[in-house]
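Undergrad: This is work.csv (CSV, C-alpha atoms).
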chain,number,residue,atom,x,y,z
S,1,MET,CA,87.7,87.3,87.3
S,2,ARG,CA,84.9,85.6,85.4
S,3,LEU,CA,84.0,82.3,87.1
S,4,LEU,CA,81.6,79.5,86.2
S,5,ASN,CA,80.2,77.5,89.1
S,6,LEU,CA,78.5,74.2,88.2
S,7,ALA,CA,76.4,72.8,91.1
S,8,PRO,CA,73.9,70.3,89.6
S,9,HIS,CA,72.9,69.2,93.2
S,10,CYS,CA,72.1,72.7,94.5
S,11,SER,CA,68.7,74.3,94.6
S,12,VAL,CA,68.4,78.0,95.4
S,13,PRO,CA,67.7,78.6,98.2
S,14,PRO,CA,69.6,75.5,99.3
S,15,ILE,CA,67.9,72.8,101.3
S,16,ASN,CA,70.8,70.6,102.4
S,17,GLY,CA,74.4,70.9,103.6
S,18,SER,CA,76.1,70.3,100.3
S,19,GLY,CA,73.8,72.8,98.6
S,20,ARG,CA,74.5,75.4,101.4
S,21,ARG,CA,78.2,74.9,100.9
S,22,ALA,CA,78.0,75.5,97.1
S,23,TRP,CA,75.7,78.5,97.2
S,24,HIS,CA,77.1,80.3,100.2
S,25,LEU,CA,80.6,79.9,98.9
S,26,HIS,CA,79.5,81.3,95.6
S,27,GLU,CA,77.6,84.3,96.9
S,28,ASN,CA,80.6,85.2,99.1
S,29,MET,CA,83.0,84.8,96.2
S,30,VAL,CA,80.8,87.3,94.4
S,31,ALA,CA,80.9,89.6,97.4
S,32,ALA,CA,84.7,89.3,97.3
S,33,GLY,CA,84.7,90.7,93.7
S,34,VAL,CA,84.3,87.6,91.5
S,35,ASP,CA,82.1,87.9,88.5
S,36,GLY,CA,80.3,84.7,89.0
S,37,HIS,CA,77.9,82.6,86.9
S,38,PHE,CA,76.1,79.9,88.9
S,39,ILE,CA,74.2,77.0,87.5
S,40,GLY,CA,72.2,74.9,89.9
S,41,CYS,CA,69.7,72.1,89.5
S,42,HIS,CA,66.9,74.4,88.5
S,43,VAL,CA,68.2,77.9,88.3
S,44,MET,CA,71.0,80.1,86.9
S,45,ALA,CA,72.3,83.2,88.7
S,46,ASP,CA,74.7,85.9,87.5
S,47,ARG,CA,75.1,89.7,88.1
S,48,LYS,CA,71.8,90.2,86.2
S,49,GLY,CA,69.8,88.1,88.7
S,50,PHE,CA,68.2,84.7,88.6
S,51,SER,CA,66.6,82.8,85.7
S,52,PRO,CA,65.2,79.2,85.4
S,53,LEU,CA,67.1,76.6,83.5
S,54,PRO,CA,65.7,76.3,80.0
S,55,GLY,CA,63.8,73.2,79.1
S,56,LYS,CA,62.1,70.7,81.3
S,57,ASP,CA,63.1,67.3,82.6
S,58,ARG,CA,60.9,64.3,82.7
S,59,ARG,CA,59.7,63.5,86.2
S,60,ASP,CA,62.0,61.0,87.7
S,61,GLY,CA,59.5,59.5,90.1
S,62,GLY,CA,61.7,60.1,93.1
S,63,LYS,CA,64.9,58.5,94.5
S,64,ALA,CA,63.7,54.9,94.4
S,65,VAL,CA,62.7,55.1,90.8
S,66,THR,CA,66.0,56.9,89.9
S,67,ALA,CA,67.9,54.2,91.7
S,68,LEU,CA,66.1,51.4,90.0
S,69,SER,CA,66.5,53.0,86.5
S,70,ALA,CA,70.2,53.6,87.2
S,71,LEU,CA,70.6,49.9,88.2
S,72,LEU,CA,68.8,48.7,85.1
S,73,ALA,CA,70.8,51.0,82.8
S,74,GLY,CA,74.1,50.2,84.4
S,75,GLN,CA,74.6,53.9,85.3
S,76,ASP,CA,75.8,55.7,88.4
S,77,TYR,CA,72.9,56.8,90.5
S,78,TRP,CA,74.3,60.3,91.3
S,79,GLN,CA,75.1,61.0,87.7
S,80,ARG,CA,71.6,59.9,86.6
S,81,ARG,CA,69.9,61.9,89.3
S,82,MET,CA,72.0,65.1,89.2
S,83,LEU,CA,73.3,65.5,85.6
S,84,ARG,CA,69.8,65.9,84.1
S,85,PRO,CA,69.2,66.9,80.5
S,86,SER,CA,68.2,70.4,81.3
S,87,PHE,CA,71.5,70.9,83.3
S,88,ARG,CA,73.6,69.4,80.6
S,89,HIS,CA,71.8,71.5,78.0
S,90,ALA,CA,72.5,74.7,79.9
S,91,VAL,CA,76.2,73.9,80.2
S,92,ALA,CA,76.4,73.0,76.5
S,93,GLN,CA,75.2,76.5,75.6
S,94,LEU,CA,78.1,78.2,77.3
S,95,ARG,CA,81.2,79.4,75.7
S,96,ILE,CA,83.9,78.2,78.0
S,97,LYS,CA,86.3,80.8,76.6
S,98,ASP,CA,84.2,83.4,78.4
S,99,TYR,CA,85.4,82.2,81.8
S,100,GLU,CA,88.8,82.3,83.5
S,101,ALA,CA,88.0,79.6,86.0
S,102,VAL,CA,85.4,76.8,86.5
S,103,VAL,CA,84.3,75.3,89.8
S,104,ILE,CA,82.6,71.9,89.5
S,105,HIS,CA,80.9,70.2,92.5
S,106,PHE,CA,81.4,66.5,93.2
S,107,LEU,CA,83.5,64.1,91.2
S,108,TYR,CA,80.4,62.6,89.5
S,109,SER,CA,80.2,65.9,87.6
S,110,VAL,CA,83.6,65.6,86.0
S,111,PRO,CA,82.2,64.2,82.7
S,112,LEU,CA,80.9,67.8,82.1
S,113,ILE,CA,84.4,68.8,81.1
S,114,ASP,CA,84.4,66.5,78.0
S,115,ALA,CA,82.8,69.2,76.0
S,116,TRP,CA,85.8,71.4,76.6
S,117,ARG,CA,88.5,69.2,75.3
S,118,GLY,CA,91.5,71.1,73.9
S,119,GLN,CA,90.7,74.2,76.1
S,120,GLN,CA,92.9,75.7,78.8
S,121,LEU,CA,91.4,77.0,82.0
S,122,ARG,CA,91.6,77.0,85.8
S,123,LEU,CA,89.6,73.9,86.8
S,124,LEU,CA,88.6,73.4,90.4
S,125,VAL,CA,86.6,70.4,91.6
S,126,ASP,CA,85.0,70.7,95.1
S,127,THR,CA,85.0,67.1,96.3
S,128,HIS,CA,82.7,67.7,99.4
S,129,ASN,CA,83.6,64.3,100.8
S,130,TYR,CA,86.2,61.5,100.4
S,131,ASP,CA,84.0,59.5,98.2
S,132,PRO,CA,85.6,56.1,98.5
S,133,GLY,CA,85.3,56.2,102.2
S,134,MET,CA,81.9,57.8,102.3
S,135,PHE,CA,80.2,55.4,99.9
S,136,ALA,CA,81.9,52.4,101.6
S,137,ALA,CA,80.4,53.6,104.9
S,138,LEU,CA,77.0,54.1,103.3
S,139,GLY,CA,77.1,50.6,101.8
S,140,ASN,CA,78.2,49.0,105.1
S,141,ALA,CA,75.3,50.8,106.9
S,142,THR,CA,72.6,49.1,104.8
S,143,ARG,CA,71.4,45.5,104.4
S,144,ASN,CA,69.8,46.4,101.0
S,145,PRO,CA,71.9,44.6,98.3
S,146,LEU,CA,70.8,46.9,95.6
S,147,ARG,CA,71.9,50.0,97.6
S,148,ARG,CA,75.2,48.3,98.3
S,149,LEU,CA,75.6,47.8,94.6
S,150,LEU,CA,74.9,51.5,93.9
S,151,CYS,CA,77.5,52.4,96.6
S,152,ARG,CA,80.1,50.2,94.9
S,153,ARG,CA,79.3,51.7,91.6
S,154,ALA,CA,79.6,55.2,93.0
S,155,ILE,CA,83.1,54.4,94.3
S,156,ARG,CA,84.1,53.2,90.8
S,157,THR,CA,82.6,56.4,89.3
S,158,SER,CA,84.5,58.7,91.6
S,159,LEU,CA,87.8,56.9,91.1
S,160,SER,CA,87.3,56.9,87.3
S,161,ALA,CA,86.5,60.7,87.4
S,162,LEU,CA,89.6,61.2,89.6
S,163,ARG,CA,91.8,59.5,87.0
S,164,ALA,CA,90.2,61.5,84.2
S,165,LEU,CA,91.1,64.9,85.6
S,166,PRO,CA,93.9,66.6,83.7
S,167,LYS,CA,97.2,67.7,85.3
S,168,GLY,CA,97.0,71.2,86.6
S,169,ALA,CA,93.4,70.7,88.0
S,170,THR,CA,92.8,71.7,91.6
S,171,LEU,CA,90.9,69.6,94.1
S,172,VAL,CA,89.1,71.5,96.8
S,173,HIS,CA,88.6,69.5,100.0
S,174,VAL,CA,86.6,70.2,103.2
S,175,SER,CA,89.2,68.8,105.5
S,176,GLN,CA,92.9,68.0,105.8
S,177,SER,CA,92.1,64.3,106.2
S,178,ASP,CA,90.2,64.3,102.9
S,179,LEU,CA,93.2,66.1,101.2
S,180,VAL,CA,95.6,63.5,102.4
S,181,ALA,CA,93.4,60.7,101.2
S,182,TYR,CA,92.9,62.2,97.7
S,183,GLU,CA,96.5,63.3,97.4
S,184,ALA,CA,97.6,59.7,97.8
S,185,LEU,CA,95.5,58.8,94.8
S,186,ARG,CA,96.5,61.8,92.6
S,187,PRO,CA,99.7,63.4,93.9
S,188,ASP,CA,100.1,65.2,90.6
S,189,LEU,CA,97.0,67.4,91.1
S,190,ASN,CA,96.8,70.5,93.2
S,191,HIS,CA,95.1,70.0,96.6
S,192,VAL,CA,93.7,72.7,98.9
S,193,VAL,CA,91.3,72.9,101.8
S,194,VAL,CA,88.3,75.1,102.0
S,195,GLU,CA,86.4,74.0,105.1
S,196,ASN,CA,82.6,73.8,105.6
S,197,GLY,CA,81.4,77.0,107.0
S,198,CYS,CA,78.5,78.8,108.7
S,199,ARG,CA,76.9,82.1,109.1
S,200,LEU,CA,77.9,83.7,112.4
S,201,ALA,CA,74.6,84.5,114.1
S,202,PRO,CA,74.9,84.3,117.9
S,203,ARG,CA,71.5,83.7,119.4
S,204,ASP,CA,70.0,86.6,121.3
S,205,THR,CA,68.2,84.4,123.9
S,206,ALA,CA,69.0,81.1,125.4
S,207,PRO,CA,67.5,78.6,127.8
S,208,ASP,CA,68.4,78.6,131.5
S,209,TYR,CA,70.9,75.7,132.0
S,210,THR,CA,70.3,75.7,135.7
S,211,ALA,CA,66.4,75.4,135.6
S,212,PRO,CA,64.8,72.1,136.6
S,213,GLY,CA,63.1,70.0,133.9
S,214,LYS,CA,64.1,68.3,130.7
S,215,LYS,CA,66.9,69.7,128.5
S,216,GLN,CA,65.9,70.8,125.0
S,217,LEU,CA,68.0,68.9,122.4
S,218,LEU,CA,68.1,69.7,118.7
S,219,PHE,CA,69.0,67.8,115.5
S,220,VAL,CA,69.2,69.8,112.3
S,221,GLY,CA,69.7,68.2,108.8
S,222,SER,CA,68.2,67.4,105.5
S,223,LEU,CA,65.9,64.4,106.4
S,224,SER,CA,66.0,62.9,103.0
S,225,VAL,CA,69.8,62.3,103.2
S,226,LYS,CA,70.8,58.8,104.1
S,227,GLN,CA,73.6,59.9,106.5
S,228,ASN,CA,71.2,62.0,108.5
S,229,GLN,CA,68.6,59.2,108.6
S,230,ASP,CA,71.2,56.8,109.8
S,231,ALA,CA,72.3,59.3,112.4
S,232,LEU,CA,68.8,59.5,113.9
S,233,HIS,CA,68.4,55.7,113.9
S,234,HIS,CA,71.8,55.5,115.6
S,235,LEU,CA,70.6,58.1,118.2
S,236,SER,CA,67.5,56.1,118.8
S,237,ARG,CA,69.3,52.8,119.4
S,238,VAL,CA,72.4,53.9,121.2
S,239,PHE,CA,71.9,57.2,123.0
S,240,TRP,CA,68.2,57.8,123.4
S,241,PRO,CA,67.7,55.1,126.1
S,242,SER,CA,70.0,57.1,128.3
S,243,LEU,CA,68.6,60.5,127.4
S,244,ARG,CA,64.9,59.7,127.3
S,245,GLY,CA,64.2,60.6,130.9
S,246,ILE,CA,66.1,63.8,131.0
S,247,ALA,CA,65.7,65.4,127.6
S,248,HIS,CA,63.3,66.4,124.8
S,249,LEU,CA,64.4,66.2,121.2
S,250,ARG,CA,63.4,68.4,118.3
S,251,VAL,CA,64.2,67.3,114.8
S,252,ALA,CA,64.4,70.0,112.1
S,253,GLY,CA,65.0,69.4,108.4
S,254,SER,CA,63.7,69.3,104.9
S,255,ASN,CA,61.8,66.5,103.2
S,256,PRO,CA,61.5,64.0,106.0
S,257,SER,CA,60.9,60.5,104.8
S,258,SER,CA,58.0,58.4,106.1
S,259,ALA,CA,60.4,56.3,108.0
S,260,ILE,CA,61.8,59.3,109.8
S,261,THR,CA,58.3,60.7,110.5
S,262,ALA,CA,57.5,57.3,112.1
S,263,LEU,CA,60.7,57.2,114.1
S,264,CYS,CA,60.0,60.6,115.5
S,265,ALA,CA,56.5,59.6,116.5
S,266,ALA,CA,57.7,56.4,118.1
S,267,HIS,CA,60.1,58.2,120.4
S,268,GLY,CA,58.0,61.3,121.1
S,269,TRP,CA,60.5,63.5,119.2
S,270,GLU,CA,59.1,66.8,117.9
S,271,LEU,CA,59.4,66.9,114.1
S,272,HIS,CA,59.8,70.3,112.4
S,273,PRO,CA,59.8,69.8,108.7
S,274,ASN,CA,60.9,72.3,106.1
S,275,VAL,CA,61.4,75.2,108.5
S,276,SER,CA,62.1,78.8,107.5
S,277,ASP,CA,65.3,80.6,108.5
S,278,ALA,CA,63.4,82.4,111.2
S,279,GLU,CA,61.9,79.2,112.6
S,280,LEU,CA,65.3,77.5,112.6
S,281,LYS,CA,66.8,80.5,114.5
S,282,ALA,CA,64.1,80.1,117.1
S,283,LEU,CA,64.8,76.4,117.5
S,284,TYR,CA,68.5,77.2,118.1
S,285,ALA,CA,67.6,79.9,120.6
S,286,ALA,CA,65.6,77.3,122.6
S,287,ALA,CA,68.1,74.5,122.5
S,288,HIS,CA,70.4,73.6,125.4
S,289,TYR,CA,72.4,71.4,123.0
S,290,ALA,CA,72.6,70.6,119.3
S,291,LEU,CA,73.3,66.9,118.5
S,292,ALA,CA,75.5,65.2,115.9
S,293,PRO,CA,74.9,61.5,116.6
S,294,PHE,CA,76.7,60.0,113.6
S,295,ALA,CA,77.9,56.4,113.4
S,296,TYR,CA,80.1,57.2,110.5
S,297,GLY,CA,81.4,60.3,108.8
S,298,MET,CA,83.6,61.6,106.0
S,299,GLY,CA,84.6,65.2,105.1
S,300,SER,CA,83.2,67.3,108.0
S,301,LYS,CA,79.8,68.0,109.4
S,302,LEU,CA,78.4,71.4,108.5
S,303,LYS,CA,75.7,71.1,111.2
S,304,LEU,CA,78.4,71.1,113.9
S,305,VAL,CA,79.9,74.3,112.6
S,306,GLU,CA,76.5,75.9,112.2
S,307,ALA,CA,75.6,75.2,115.8
S,308,CYS,CA,78.8,76.9,116.9
S,309,GLY,CA,77.9,79.9,114.8
S,310,HIS,CA,74.7,80.2,116.8
S,311,GLY,CA,76.7,79.8,120.1
S,312,VAL,CA,74.9,76.6,120.9
S,313,PRO,CA,76.8,73.8,122.8
S,314,VAL,CA,77.1,70.6,120.8
S,315,ILE,CA,77.2,66.9,121.8
S,316,THR,CA,78.7,64.8,119.1
S,317,THR,CA,80.1,61.4,118.4
S,318,ARG,CA,83.7,61.1,117.1
S,319,ALA,CA,82.3,60.5,113.7
S,320,GLY,CA,80.3,63.7,113.9
S,321,ALA,CA,83.5,65.6,114.6
S,322,THR,CA,85.3,64.1,111.5
S,323,GLY,CA,87.5,66.5,109.7
S,324,LEU,CA,87.9,69.1,112.5
S,325,PRO,CA,91.2,68.6,114.2
S,326,THR,CA,90.6,71.3,116.7
S,327,LEU,CA,87.3,72.0,118.4
S,328,PRO,CA,86.1,74.8,120.6
S,329,PRO,CA,85.2,74.2,124.2
S,330,LEU,CA,81.4,74.1,123.7
S,331,VAL,CA,81.8,71.0,121.5
S,332,HIS,CA,81.6,67.8,123.6
S,333,VAL,CA,82.8,64.6,121.9
S,334,SER,CA,82.0,61.1,123.1
S,335,ASP,CA,80.7,57.8,121.9
S,336,GLU,CA,79.4,56.7,125.3
S,337,PRO,CA,75.7,57.0,126.1
S,338,GLU,CA,76.2,57.7,129.8
S,339,GLU,CA,78.6,60.5,129.0
S,340,TRP,CA,76.0,62.1,126.7
S,341,LYS,CA,73.6,61.9,129.6
S,342,ARG,CA,76.1,63.5,131.9
S,343,ILE,CA,76.9,66.3,129.4
S,344,ALA,CA,73.2,67.0,128.8
S,345,GLN,CA,72.6,67.4,132.5
S,346,ASN,CA,75.5,69.9,132.8
S,347,GLU,CA,74.3,73.1,134.5
S,348,TYR,CA,77.3,75.1,133.4
S,349,PRO,CA,77.9,76.3,137.0
S,350,GLU,CA,80.7,78.6,135.9
S,351,TRP,CA,78.5,80.6,133.5
S,352,ASP,CA,75.0,81.0,132.3
S,353,ILE,CA,74.3,82.2,128.8
S,354,ARG,CA,71.3,84.3,129.7
S,355,SER,CA,73.1,86.2,132.5
S,356,ALA,CA,76.1,86.6,130.2
S,357,GLN,CA,74.0,88.6,127.8
S,358,GLN,CA,73.9,91.3,130.5
S,359,HIS,CA,77.6,91.8,130.2
S,360,ARG,CA,79.7,93.2,127.4
S,361,SER,CA,82.0,90.2,127.2
S,362,PRO,CA,80.6,86.7,126.8
S,363,PRO,CA,82.0,83.8,128.9
S,364,GLN,CA,85.4,82.5,127.7
S,365,GLU,CA,83.9,79.2,126.5
S,366,LEU,CA,81.3,81.0,124.4
S,367,ARG,CA,83.7,83.5,123.1
S,368,GLU,CA,86.2,80.9,122.0
S,369,THR,CA,83.4,78.9,120.3
S,370,LEU,CA,82.2,82.0,118.4
S,371,ASP,CA,85.8,82.8,117.4
S,372,PHE,CA,86.0,79.3,116.0
S,373,ALA,CA,82.9,79.9,114.0
S,374,GLN,CA,84.1,83.3,112.8
S,375,GLY,CA,87.2,81.6,111.3
S,376,LEU,CA,84.9,79.3,109.4
S,377,SER,CA,82.3,81.9,108.3
S,378,TRP,CA,81.1,81.7,104.8
S,379,SER,CA,82.4,85.3,104.1
S,380,HIS,CA,85.9,84.3,105.1
S,381,LEU,CA,85.8,81.0,103.2
S,382,GLY,CA,84.3,82.6,100.1
S,383,THR,CA,87.1,85.0,100.0
S,384,LYS,CA,89.6,82.2,100.5
S,385,LEU,CA,88.1,80.2,97.6
S,386,ALA,CA,88.1,83.3,95.3
S,387,ARG,CA,91.8,83.8,95.9
S,388,ILE,CA,92.5,80.1,95.3
S,389,ALA,CA,90.6,80.3,92.0
S,390,GLU,CA,92.4,83.5,90.9
S,391,THR,CA,95.8,81.9,91.4
S,392,ALA,CA,95.0,78.3,90.4
S,393,SER,CA,97.2,76.5,87.8
S,394,ILE,CA,96.0,76.3,84.2
S,395,ALA,CA,94.8,72.9,83.2
S,396,GLN,CA,94.8,71.5,79.6
S,397,ILE,CA,91.4,69.9,79.3
As structure tokens - that is how I would like this structure written.
TA:
Amino acid sequence: MRLLNLAPHCSVPPINGSGRRAWHLHENMVAAGVDGHFIGCHVMADRKGFSPLPGKDRRDGGKAVTALSALLAGQDYWQRRMLRPSFRHAVAQLRIKDYEAVVIHFLYSVPLIDAWRGQQLRLLVDTHNYDPGMFAALGNATRNPLRRLLCRRAIRTSLSALRALPKGATLVHVSQSDLVAYEALRPDLNHVVVENGCRLAPRDTAPDYTAPGKKQLLFVGSLSVKQNQDALHHLSRVFWPSLRGIAHLRVAGSNPSSAITALCAAHGWELHPNVSDAELKALYAAAHYALAPFAYGMGSKLKLVEACGHGVPVITTRAGATGLPTLPPLVHVSDEPEEWKRIAQNEYPEWDIRSAQQHRSPPQELRETLDFAQGLSWSHLGTKLARIAETASIAQI
């Protein structure tokens, strides 16, 4: 099957969760036999290799300038930021008849189909989140009136795009709860779930949970993303006063803002910006727990699944566990700061990761957590999405 994958948000290699979802699903669809053509924000990829997008975009001056220009022009921020002229030009050069299926990422990208009016094809839209809920939460989490306006405008854009989708189109959701919410708005469309995934990479070494001293905690996420920034501020206000005396925190992620850099310095958190895969692996190996301290959440949190793929126990809020109805035993869910402290001090008296490495079979809790991650591996999910694309209904654009 010849498949076109349009991901205007995704750099290669990806630097954030939504980018990792788009790229890892694509590369594993290709591994499953799909003849895929991927167009990201700066690069195109097909069976011949990689090539840069033709043409150059004017420098946008960063998120703040893009937001201001979107406000002044009455445009949607995400469409202005992601659907750049070079991307639109690359898509316009394609012959859509050359493809049997098209995957589009995010509802804000739906206007790309306008060039294909009158055509018939298998059209899949990966929603990534339940946009009305996510943007409402983002708006409620800020006091900035302009940011709130952009969030309200993003909700209108998503709902408008949803109404514009033709019958026969398939919406791909990251969770069953997202599916139910979107299905209530467009019951005439096809709805499927392809979860957020991970690479199964159990750590070879781990810290001693019974040793005295502070526990090593780890937060991983793109540090330019508002949800992750809000999560760290929520951690600092709600949980860190209870954890400060018994734990040390490492924060790893791409493109930290000046505010996040200052937050880490103020609390003595160890900031690891723009780490390599090898460096991130070492951080997971040294961590007693990974954290998901979210005050709000939609879709599902890829970082929780990724920690499970490394065999690292997780402490998360209920919002951090959004979209995952069943969780493995090494994922601890609580919104109470004292419970976070109790969990972080857990010595796992019934098993020790390091001593378990000397045996053929890992402890049951670890084994069940790795089995959970295996079921959500990118290879499994890429094959799942490939089968969905192959059997999707034909939509009249």
Undergrad: For Val333 of chain S, which residue out of S:Ala292, S:Leu68, S:Leu112, S:Ala141 is the nearest one, using all atoms listed in the file?
TA: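 Comparing S:Ala292, S:Leu68, S:Leu112, S:Ala141 against Val333 of chain S, the winner is S:Ala292.
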Undergrad: Using only C-alpha atoms, can you tell me which of S:Lys63, S:Arg2, S:Arg47, S:Arg143 comes closest to Glu390 of chain S?
TA: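 Of S:Lys63, S:Arg2, S:Arg47, S:Arg143, the one nearest Glu390 of chain S, counting only C-alpha atoms, is S:Arg2.
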Undergrad: Please list as a list in words every residue within 9 Å of Cys41 of chain S, counting only C-alpha atoms and excluding residues in the same chain fewer than 2 positions away.
TA: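 Residues near the query, excluding close chain neighbours: Ala7, Pro8, His9, Cys10, Ser11, Val12, Ile39, Val43, Met44, Leu53, Met82, Leu83, Arg84, Ser86 and Phe87 of chain S.
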Undergrad: Closest to Ile246 of chain S among S:Ala169, S:Leu376, S:Ile343, S:Ala395, using all atoms listed in the file?
TA: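 Going through S:Ala169, S:Leu376, S:Ile343, S:Ala395 one by one, the smallest distance to Ile246 of chain S is for S:Ile343.
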Undergrad: Could you tell me how far atom CA of Ala321 of chain S sits from atom CA of Lys301 of chain S, in Å to one decimal place?
TA: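 Separation between atom CA of Lys301 of chain S and atom CA of Ala321 of chain S: 6.8 Å.
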Undergrad: Would you kindly return, as a ChimeraX atom specification, each protein, DNA or RNA residue with an atom no farther than 10 Å from any atom of Ile388 of chain S, considering all atoms listed in the file and excluding same-chain residues fewer than 5 positions away?
TA: /S:124,170,172,192-194,382-383,393
Undergrad: Counting only C-alpha atoms, which residues come within 7 Å of (84.2, 75.7, 86.3), with the point read in the file's coordinates, and could you list them as a list of chain:residue names?
TA: S:Leu3, S:Leu4, S:Asn5, S:Leu6, S:Ala101, S:Val102, S:Val103, S:Ile104, S:Leu123, S:Leu124
Undergrad: Grab the atom CA of Gly221 of chain S to atom CA of Pro328 of chain S distance for me, in Å with one decimal place.
TA: 21.3 Å
Undergrad: Report as CSV the residues of segment 20-83 of chain S within 12 Å of segment 195-206 of chain S, each with its shortest atom pair and distance in Å (one decimal), using only C-alpha atoms, ordered by chain and increasing residue number.
TA:
residue,atom,partner,partner_atom,distance
S:Arg20,CA,S:Cys198,CA,9.0
S:Arg21,CA,S:Asn196,CA,6.5
S:Ala22,CA,S:Asn196,CA,9.8
S:Trp23,CA,S:Gly197,CA,11.4
S:His24,CA,S:Gly197,CA,8.7
S:Leu25,CA,S:Gly197,CA,8.6
S:Asn28,CA,S:Arg199,CA,11.1
Undergrad: Mind giving me the straight-line distance from atom CA of Gln79 of chain S to atom CA of Tyr108 of chain S in Å, one decimal?
TA: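 Interatomic distance here is 5.8 Å.
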Undergrad: Which neighbours of Glu338 of chain S fall inside 12 Å, counting all atoms listed in the file, when residues of the same chain fewer than 4 positions from it are skipped, and could you give them as a list in words?
TA: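 Everything that qualifies: Val238, Phe239, Trp240, Pro241, Ser242, Leu243, Arg244, Ile246, Ser334, Arg342, Ile343, Ala344 and Gln345 of chain S.
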Undergrad: Pick from S:Leu324, S:Val305, S:Ala262, S:Met134: nearest to Leu370 of chain S, with all atoms listed in the file counted?
TA: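 Closest to Leu370 of chain S, using all atoms listed in the file: S:Val305.
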